[in-house]
Structure formats: structure tokens, C-alpha cells
$ cat data-v7.pdb   # PDB, C-alpha atoms, pLDDT in the B column
ATOM      1  CA  MET A  22     -21.710 259.487  77.560  1.00 49.00           C
ATOM      2  CA  SER A  23     -20.177 260.728  80.765  1.00 49.00           C
ATOM      3  CA  ILE A  24     -17.556 259.107  82.924  1.00 49.00           C
ATOM      4  CA  VAL A  25     -18.811 256.513  85.354  1.00 45.00           C
ATOM      5  CA  MET A  26     -16.336 255.973  88.139  1.00 46.00           C
ATOM      6  CA  ASN A  27     -16.151 252.429  89.416  1.00 44.00           C
ATOM      7  CA  ASN A  28     -15.300 252.896  93.081  1.00 40.00           C
ATOM      8  CA  SER A  29     -14.712 249.197  93.654  1.00 37.00           C
ATOM      9  CA  ALA A  30     -11.737 249.199  91.274  1.00 41.00           C
ATOM     10  CA  SER A  31      -9.996 252.051  93.040  1.00 42.00           C
ATOM     11  CA  SER A  32     -10.849 250.931  96.555  1.00 43.00           C
ATOM     12  CA  ASN A  33      -9.367 247.480  95.918  1.00 48.00           C
ATOM     13  CA  ASN A  34      -6.158 248.994  94.515  1.00 62.00           C
ATOM     14  CA  LYS A  35      -6.675 247.124  91.254  1.00 83.00           C
ATOM     15  CA  LEU A  36      -5.651 250.110  89.185  1.00 88.00           C
ATOM     16  CA  ARG A  37      -3.913 249.342  85.905  1.00 91.00           C
ATOM     17  CA  LYS A  38      -0.596 251.145  85.833  1.00 92.00           C
ATOM     18  CA  VAL A  39       0.471 251.933  82.285  1.00 94.00           C
ATOM     19  CA  ASP A  40       2.836 254.517  80.874  1.00 94.00           C
ATOM     20  CA  LEU A  41       0.361 255.779  78.287  1.00 95.00           C
ATOM     21  CA  VAL A  42      -3.185 255.364  77.015  1.00 97.00           C
ATOM     22  CA  ILE A  43      -3.769 256.260  73.351  1.00 95.00           C
ATOM     23  CA  ILE A  44      -7.328 256.962  72.186  1.00 96.00           C
ATOM     24  CA  ASP A  45      -7.521 257.431  68.418  1.00 94.00           C
ATOM     25  CA  ASP A  46      -9.924 255.979  65.862  1.00 92.00           C
ATOM     26  CA  GLU A  47      -7.237 255.868  63.157  1.00 91.00           C
ATOM     27  CA  ARG A  48      -5.869 252.372  63.782  1.00 93.00           C
ATOM     28  CA  PHE A  49      -2.824 252.793  61.550  1.00 93.00           C
ATOM     29  CA  PHE A  50      -1.791 255.989  63.358  1.00 91.00           C
ATOM     30  CA  THR A  51      -2.463 254.519  66.809  1.00 93.00           C
ATOM     31  CA  ASP A  52      -0.467 251.364  66.097  1.00 94.00           C
ATOM     32  CA  ALA A  53       2.365 253.327  64.437  1.00 92.00           C
ATOM     33  CA  LEU A  54       2.594 255.770  67.366  1.00 92.00           C
ATOM     34  CA  SER A  55       2.657 252.911  69.846  1.00 93.00           C
ATOM     35  CA  ALA A  56       5.395 251.134  67.874  1.00 93.00           C
ATOM     36  CA  TYR A  57       7.417 254.367  67.554  1.00 91.00           C
ATOM     37  CA  LEU A  58       7.309 255.055  71.291  1.00 92.00           C
ATOM     38  CA  GLN A  59       8.133 251.441  72.186  1.00 92.00           C
ATOM     39  CA  MET A  60      11.035 251.504  69.716  1.00 91.00           C
ATOM     40  CA  LYS A  61      12.462 254.471  71.621  1.00 89.00           C
ATOM     41  CA  LYS A  62      11.789 252.890  75.031  1.00 89.00           C
ATOM     42  CA  GLU A  63      11.080 249.154  74.904  1.00 88.00           C
ATOM     43  CA  SER A  64       9.725 248.918  78.440  1.00 89.00           C
ATOM     44  CA  LEU A  65       6.759 251.261  77.815  1.00 91.00           C
ATOM     45  CA  VAL A  66       3.363 249.819  78.644  1.00 94.00           C
ATOM     46  CA  ILE A  67       0.746 251.307  76.305  1.00 95.00           C
ATOM     47  CA  ASP A  68      -2.994 250.654  76.185  1.00 97.00           C
ATOM     48  CA  LYS A  69      -4.760 251.536  72.931  1.00 96.00           C
ATOM     49  CA  TYR A  70      -8.407 252.342  72.336  1.00 96.00           C
ATOM     50  CA  TYR A  71      -9.934 252.986  68.930  1.00 93.00           C
ATOM     51  CA  TYR A  72     -13.265 254.263  70.287  1.00 91.00           C
ATOM     52  CA  PRO A  73     -13.776 256.807  73.082  1.00 93.00           C
ATOM     53  CA  LYS A  74     -16.812 254.920  74.415  1.00 92.00           C
ATOM     54  CA  GLU A  75     -14.691 251.781  74.789  1.00 93.00           C
ATOM     55  CA  PHE A  76     -12.145 253.787  76.798  1.00 96.00           C
ATOM     56  CA  LEU A  77     -14.846 255.359  78.972  1.00 94.00           C
ATOM     57  CA  LYS A  78     -16.055 251.883  79.964  1.00 94.00           C
ATOM     58  CA  ASN A  79     -12.557 251.180  81.332  1.00 94.00           C
ATOM     59  CA  VAL A  80     -11.415 254.609  82.546  1.00 95.00           C
ATOM     60  CA  SER A  81     -11.806 253.787  86.230  1.00 94.00           C
ATOM     61  CA  VAL A  82      -8.973 251.237  86.113  1.00 96.00           C
ATOM     62  CA  TYR A  83      -6.408 253.962  85.406  1.00 97.00           C
ATOM     63  CA  PRO A  84      -4.775 256.145  88.070  1.00 96.00           C
ATOM     64  CA  LYS A  85      -5.492 259.881  87.767  1.00 96.00           C
ATOM     65  CA  ASN A  86      -1.884 260.623  86.769  1.00 95.00           C
ATOM     66  CA  THR A  87      -1.880 258.277  83.751  1.00 96.00           C
ATOM     67  CA  LYS A  88      -0.731 259.953  80.535  1.00 96.00           C
ATOM     68  CA  ILE A  89      -3.672 259.951  78.124  1.00 97.00           C
ATOM     69  CA  SER A  90      -3.280 260.877  74.459  1.00 95.00           C
ATOM     70  CA  ILE A  91      -6.605 261.853  72.879  1.00 95.00           C
ATOM     71  CA  ASP A  92      -7.293 262.371  69.179  1.00 93.00           C
ATOM     72  CA  TYR A  93      -9.308 265.477  68.393  1.00 90.00           C
ATOM     73  CA  ASP A  94     -11.558 264.094  65.649  1.00 88.00           C
ATOM     74  CA  PHE A  95     -13.397 260.849  66.418  1.00 88.00           C
ATOM     75  CA  LYS A  96     -15.922 261.391  63.610  1.00 84.00           C
ATOM     76  CA  GLY A  97     -18.793 260.871  66.044  1.00 79.00           C
ATOM     77  CA  ASP A  98     -20.873 262.665  68.638  1.00 77.00           C
ATOM     78  CA  MET A  99     -17.857 263.449  70.801  1.00 85.00           C
ATOM     79  CA  ASN A 100     -14.579 265.152  69.954  1.00 90.00           C
ATOM     80  CA  GLY A 101     -11.298 264.976  71.826  1.00 92.00           C
ATOM     81  CA  ILE A 102     -11.876 268.218  73.717  1.00 91.00           C
ATOM     82  CA  ASP A 103     -15.236 266.897  74.975  1.00 92.00           C
ATOM     83  CA  LEU A 104     -13.560 263.713  76.185  1.00 95.00           C
ATOM     84  CA  ALA A 105     -10.667 265.622  77.750  1.00 95.00           C
ATOM     85  CA  GLU A 106     -13.096 267.876  79.605  1.00 94.00           C
ATOM     86  CA  GLN A 107     -14.825 264.845  81.124  1.00 95.00           C
ATOM     87  CA  LEU A 108     -11.471 263.372  82.139  1.00 97.00           C
ATOM     88  CA  HIS A 109     -10.274 266.665  83.577  1.00 97.00           C
ATOM     89  CA  ASP A 110     -13.498 267.055  85.571  1.00 96.00           C
ATOM     90  CA  ALA A 111     -12.959 263.511  86.915  1.00 95.00           C
ATOM     91  CA  GLY A 112      -9.461 264.442  88.119  1.00 96.00           C
ATOM     92  CA  TYR A 113      -7.173 263.182  85.336  1.00 96.00           C
ATOM     93  CA  ILE A 114      -4.145 265.450  85.017  1.00 95.00           C
ATOM     94  CA  ASN A 115      -1.858 264.235  82.187  1.00 95.00           C
ATOM     95  CA  LEU A 116      -3.999 264.924  79.140  1.00 96.00           C
ATOM     96  CA  PHE A 117      -2.647 265.388  75.618  1.00 94.00           C
ATOM     97  CA  LEU A 118      -4.739 266.422  72.607  1.00 92.00           C
ATOM     98  CA  VAL A 119      -3.450 265.157  69.265  1.00 89.00           C
ATOM     99  CA  SER A 120      -4.592 266.793  66.060  1.00 85.00           C
ATOM    100  CA  GLY A 121      -3.512 267.507  62.527  1.00 78.00           C
ATOM    101  CA  LYS A 122      -5.596 270.690  62.580  1.00 76.00           C
ATOM    102  CA  LEU A 123      -3.420 273.561  63.765  1.00 69.00           C
ATOM    103  CA  GLU A 124      -6.397 275.882  64.272  1.00 70.00           C
ATOM    104  CA  ILE A 125      -7.738 273.460  66.918  1.00 70.00           C
ATOM    105  CA  ILE A 126      -4.404 273.224  68.723  1.00 66.00           C
ATOM    106  CA  GLU A 127      -4.311 277.000  69.226  1.00 67.00           C
ATOM    107  CA  LYS A 128      -7.718 277.009  70.979  1.00 76.00           C
ATOM    108  CA  ILE A 129      -7.498 274.174  73.476  1.00 85.00           C
ATOM    109  CA  PRO A 130      -8.107 274.539  77.233  1.00 90.00           C
ATOM    110  CA  ASN A 131      -5.057 275.098  79.440  1.00 90.00           C
ATOM    111  CA  TYR A 132      -5.332 271.663  81.110  1.00 93.00           C
ATOM    112  CA  LEU A 133      -4.460 270.016  77.785  1.00 92.00           C
ATOM    113  CA  THR A 134      -1.063 269.740  76.127  1.00 89.00           C
ATOM    114  CA  ALA A 135      -1.323 269.988  72.344  1.00 86.00           C
ATOM    115  CA  ILE A 136       0.593 267.709  70.010  1.00 87.00           C
ATOM    116  CA  SER A 137       0.502 268.151  66.244  1.00 84.00           C
ATOM    117  CA  LYS A 138       0.266 264.941  64.212  1.00 83.00           C
ATOM    118  CA  GLY A 139       2.731 266.549  61.808  1.00 80.00           C
ATOM    119  CA  ASN A 140       5.528 266.781  64.421  1.00 80.00           C
ATOM    120  CA  ILE A 141       6.767 263.279  65.253  1.00 80.00           C
ATOM    121  CA  GLU A 142       9.380 264.554  67.734  1.00 80.00           C
ATOM    122  CA  ALA A 143       6.590 266.138  69.819  1.00 83.00           C
ATOM    123  CA  PHE A 144       5.327 262.636  70.607  1.00 84.00           C
ATOM    124  CA  ASP A 145       8.530 261.893  72.523  1.00 83.00           C
ATOM    125  CA  LYS A 146       7.025 263.657  75.568  1.00 80.00           C
ATOM    126  CA  LEU A 147       4.400 260.905  75.719  1.00 84.00           C
ATOM    127  CA  GLY A 148       7.041 258.260  76.255  1.00 79.00           C
ATOM    128  CA  ALA A 149       9.296 260.273  78.555  1.00 65.00           C
TER     129      ALA A 149
END

$ encode --input "data-v7.pdb" --output "C-alpha cells"
Amino acid sequence: MSIVMNNSASSNNKLRKVDLVIIDDERFFTDALSAYLQMKKESLVIDKYYYPKEFLKNVSVYPKNTKISIDYDFKGDMNGIDLAEQLHDAGYINLFLVSGKLEIIEKIPNYLTAISKGNIEAFDKLGA
């Protein structure tokens, strides 16, 4: 599935301004990360998606500078690097790849910032 840009959303200035979008199929991790970041900064607005296809249906509502945290392993036809590449090609600039697999983190494209699931302090940059 590729990104379909909904021009009517952007032309009407009905973009959804959030501090962070988290896309991760591990619900416990996603909810815990969201709670952790909001504990550190209560005013954070975070949208969560558990399926990349669900996010792709809504991607056009987000400004291009929205911080987007993407899990590497969705256990499906698409991985986080595939999704990040589509977002990058569509003009999104604040992309973070989250993985517990260190060998993946060392090989990611330069438009992605890597965050290891084993380093909780690294997630602070998502809420900054």
C-alpha cells in the first residue's frame, strides 16, 4: 500500500497538529511509551496506531514536520523501513525507527533516527 495524499485536507488547513504519532503493533509497548512521554510532559498530544495500513489511511491529516515513531517489525507485508521510505518520499521529515534489533538500527537510511527499544532514555527525544 502506498501513501495516498488527500489534497482536500491540506488545502482546507484541516491538518491535525500533534506532538507525536506512534505506529507500533505491540499495544502494550505503544501504550506504555505514550504514558511515559506524557508523564514527562503532560501537555503532549500523541496519536497511536497499531497497524501501518490504518495510519496510511490517515497520513494526509498530519503536517510534514510531525514526529512519527515507527516500529521496525509489523509482522506483515511491510516493515518500518518500507513505511518510513514511503513517508520520506511524501515529504515527511521527522521520522524515527524503533527496534529491539541492534543489527537493523545500524543499517537504516540517513533520513531516519534510530531508537533502541532497550534504551528508555532515548525516547525522550520524541517528547522534546

$ residues_around --input "data-v7.pdb" --residues "Lys38 (chain A)" --least-positions-apart "4" --cutoff "8 Å" --atoms "only C-alpha atoms" --output "PyMOL selection string"
chain A and resi 83-84+87

$ atom_distance --input "data-v7.pdb" --atom1 "CA of Asn115 (chain A)" --atom2 "CA of Arg48 (chain A)"
22.3 Å

$ closest_residue --input "data-v7.pdb" --among "A:Leu77, A:Ile114, A:Leu54, A:Leu65" --to "Asn140 (chain A)" --atoms "all atoms listed in the file"
A:Leu54

$ atom_distance --input "data-v7.pdb" --atom1 "CA of Ser137 (chain A)" --atom2 "CA of Lys78 (chain A)"
27.0 Å

$ residues_around --input "data-v7.pdb" --residues "Leu58 (chain A)" --least-positions-apart "2" --cutoff "12 Å" --atoms "all atoms listed in the file" --output "list in words"
Asp40, Leu41, Val42, Ile43, Thr51, Asp52, Ala53, Leu54, Ser55, Ala56, Met60, Lys61, Lys62, Glu63, Ser64, Leu65, Val66, Ile67, Ile141, Glu142, Ala143, Phe144, Asp145, Lys146, Leu147, Gly148 and Ala149 of chain A

$ write_last_selection --input "data-v7.pdb" --atoms "C-alpha atoms" --output "PDB file, keeping the file's coordinate frame"
ATOM      1  CA  ASP A  40       2.836 254.517  80.874  1.00 94.00           C
ATOM      2  CA  LEU A  41       0.361 255.779  78.287  1.00 95.00           C
ATOM      3  CA  VAL A  42      -3.185 255.364  77.015  1.00 97.00           C
ATOM      4  CA  ILE A  43      -3.769 256.260  73.351  1.00 95.00           C
ATOM      5  CA  THR A  51      -2.463 254.519  66.809  1.00 93.00           C
ATOM      6  CA  ASP A  52      -0.467 251.364  66.097  1.00 94.00           C
ATOM      7  CA  ALA A  53       2.365 253.327  64.437  1.00 92.00           C
ATOM      8  CA  LEU A  54       2.594 255.770  67.366  1.00 92.00           C
ATOM      9  CA  SER A  55       2.657 252.911  69.846  1.00 93.00           C
ATOM     10  CA  ALA A  56       5.395 251.134  67.874  1.00 93.00           C
ATOM     11  CA  MET A  60      11.035 251.504  69.716  1.00 91.00           C
ATOM     12  CA  LYS A  61      12.462 254.471  71.621  1.00 89.00           C
ATOM     13  CA  LYS A  62      11.789 252.890  75.031  1.00 89.00           C
ATOM     14  CA  GLU A  63      11.080 249.154  74.904  1.00 88.00           C
ATOM     15  CA  SER A  64       9.725 248.918  78.440  1.00 89.00           C
ATOM     16  CA  LEU A  65       6.759 251.261  77.815  1.00 91.00           C
ATOM     17  CA  VAL A  66       3.363 249.819  78.644  1.00 94.00           C
ATOM     18  CA  ILE A  67       0.746 251.307  76.305  1.00 95.00           C
ATOM     19  CA  ILE A 141       6.767 263.279  65.253  1.00 80.00           C
ATOM     20  CA  GLU A 142       9.380 264.554  67.734  1.00 80.00           C
ATOM     21  CA  ALA A 143       6.590 266.138  69.819  1.00 83.00           C
ATOM     22  CA  PHE A 144       5.327 262.636  70.607  1.00 84.00           C
ATOM     23  CA  ASP A 145       8.530 261.893  72.523  1.00 83.00           C
ATOM     24  CA  LYS A 146       7.025 263.657  75.568  1.00 80.00           C
ATOM     25  CA  LEU A 147       4.400 260.905  75.719  1.00 84.00           C
ATOM     26  CA  GLY A 148       7.041 258.260  76.255  1.00 79.00           C
ATOM     27  CA  ALA A 149       9.296 260.273  78.555  1.00 65.00           C
TER      28      ALA A 149
END

$ atom_distance --input "data-v7.pdb" --atom1 "CA of Gln107 (chain A)" --atom2 "CA of Val80 (chain A)"
10.9 Å

$ closest_residue --input "data-v7.pdb" --among "A:Asp110, A:Asp46, A:Val119, A:Tyr57" --to "Lys138 (chain A)" --atoms "all atoms listed in the file"
A:Val119

$ residues_around --input "data-v7.pdb" --residues "Pro130 (chain A)" --least-positions-apart "6" --cutoff "10 Å" --atoms "only C-alpha atoms" --output "VMD selection string"
chain A and resid 102 105 to 106 118

$ closest_residue --input "data-v7.pdb" --among "A:Asn86, A:Thr134, A:Ser120, A:Ser81" --to "Asn100 (chain A)" --atoms "all atoms listed in the file"
A:Ser120

$ closest_residue --input "data-v7.pdb" --among "A:Asp68, A:Gln59, A:Ala135, A:Glu47" --to "Lys96 (chain A)" --atoms "all atoms listed in the file"
A:Glu47

$ resolve_selection --input "data-v7.pdb" --expression "the PyMOL selection byres ((chain A and resi 44) around 7)" --output "compact mmCIF listing (two decimals) with C-alpha atoms, in the frame of the given file"
# COMPACT_ATOMS: atom_id res chain seq x y z
CA VAL A 42 -3.18 255.36 77.02
CA ILE A 43 -3.77 256.26 73.35
CA ASP A 45 -7.52 257.43 68.42
CA ASP A 46 -9.92 255.98 65.86
CA LYS A 69 -4.76 251.54 72.93
CA TYR A 70 -8.41 252.34 72.34
CA TYR A 71 -9.93 252.99 68.93
CA TYR A 72 -13.26 254.26 70.29
CA PRO A 73 -13.78 256.81 73.08
CA SER A 90 -3.28 260.88 74.46
CA ILE A 91 -6.60 261.85 72.88
CA ASP A 92 -7.29 262.37 69.18
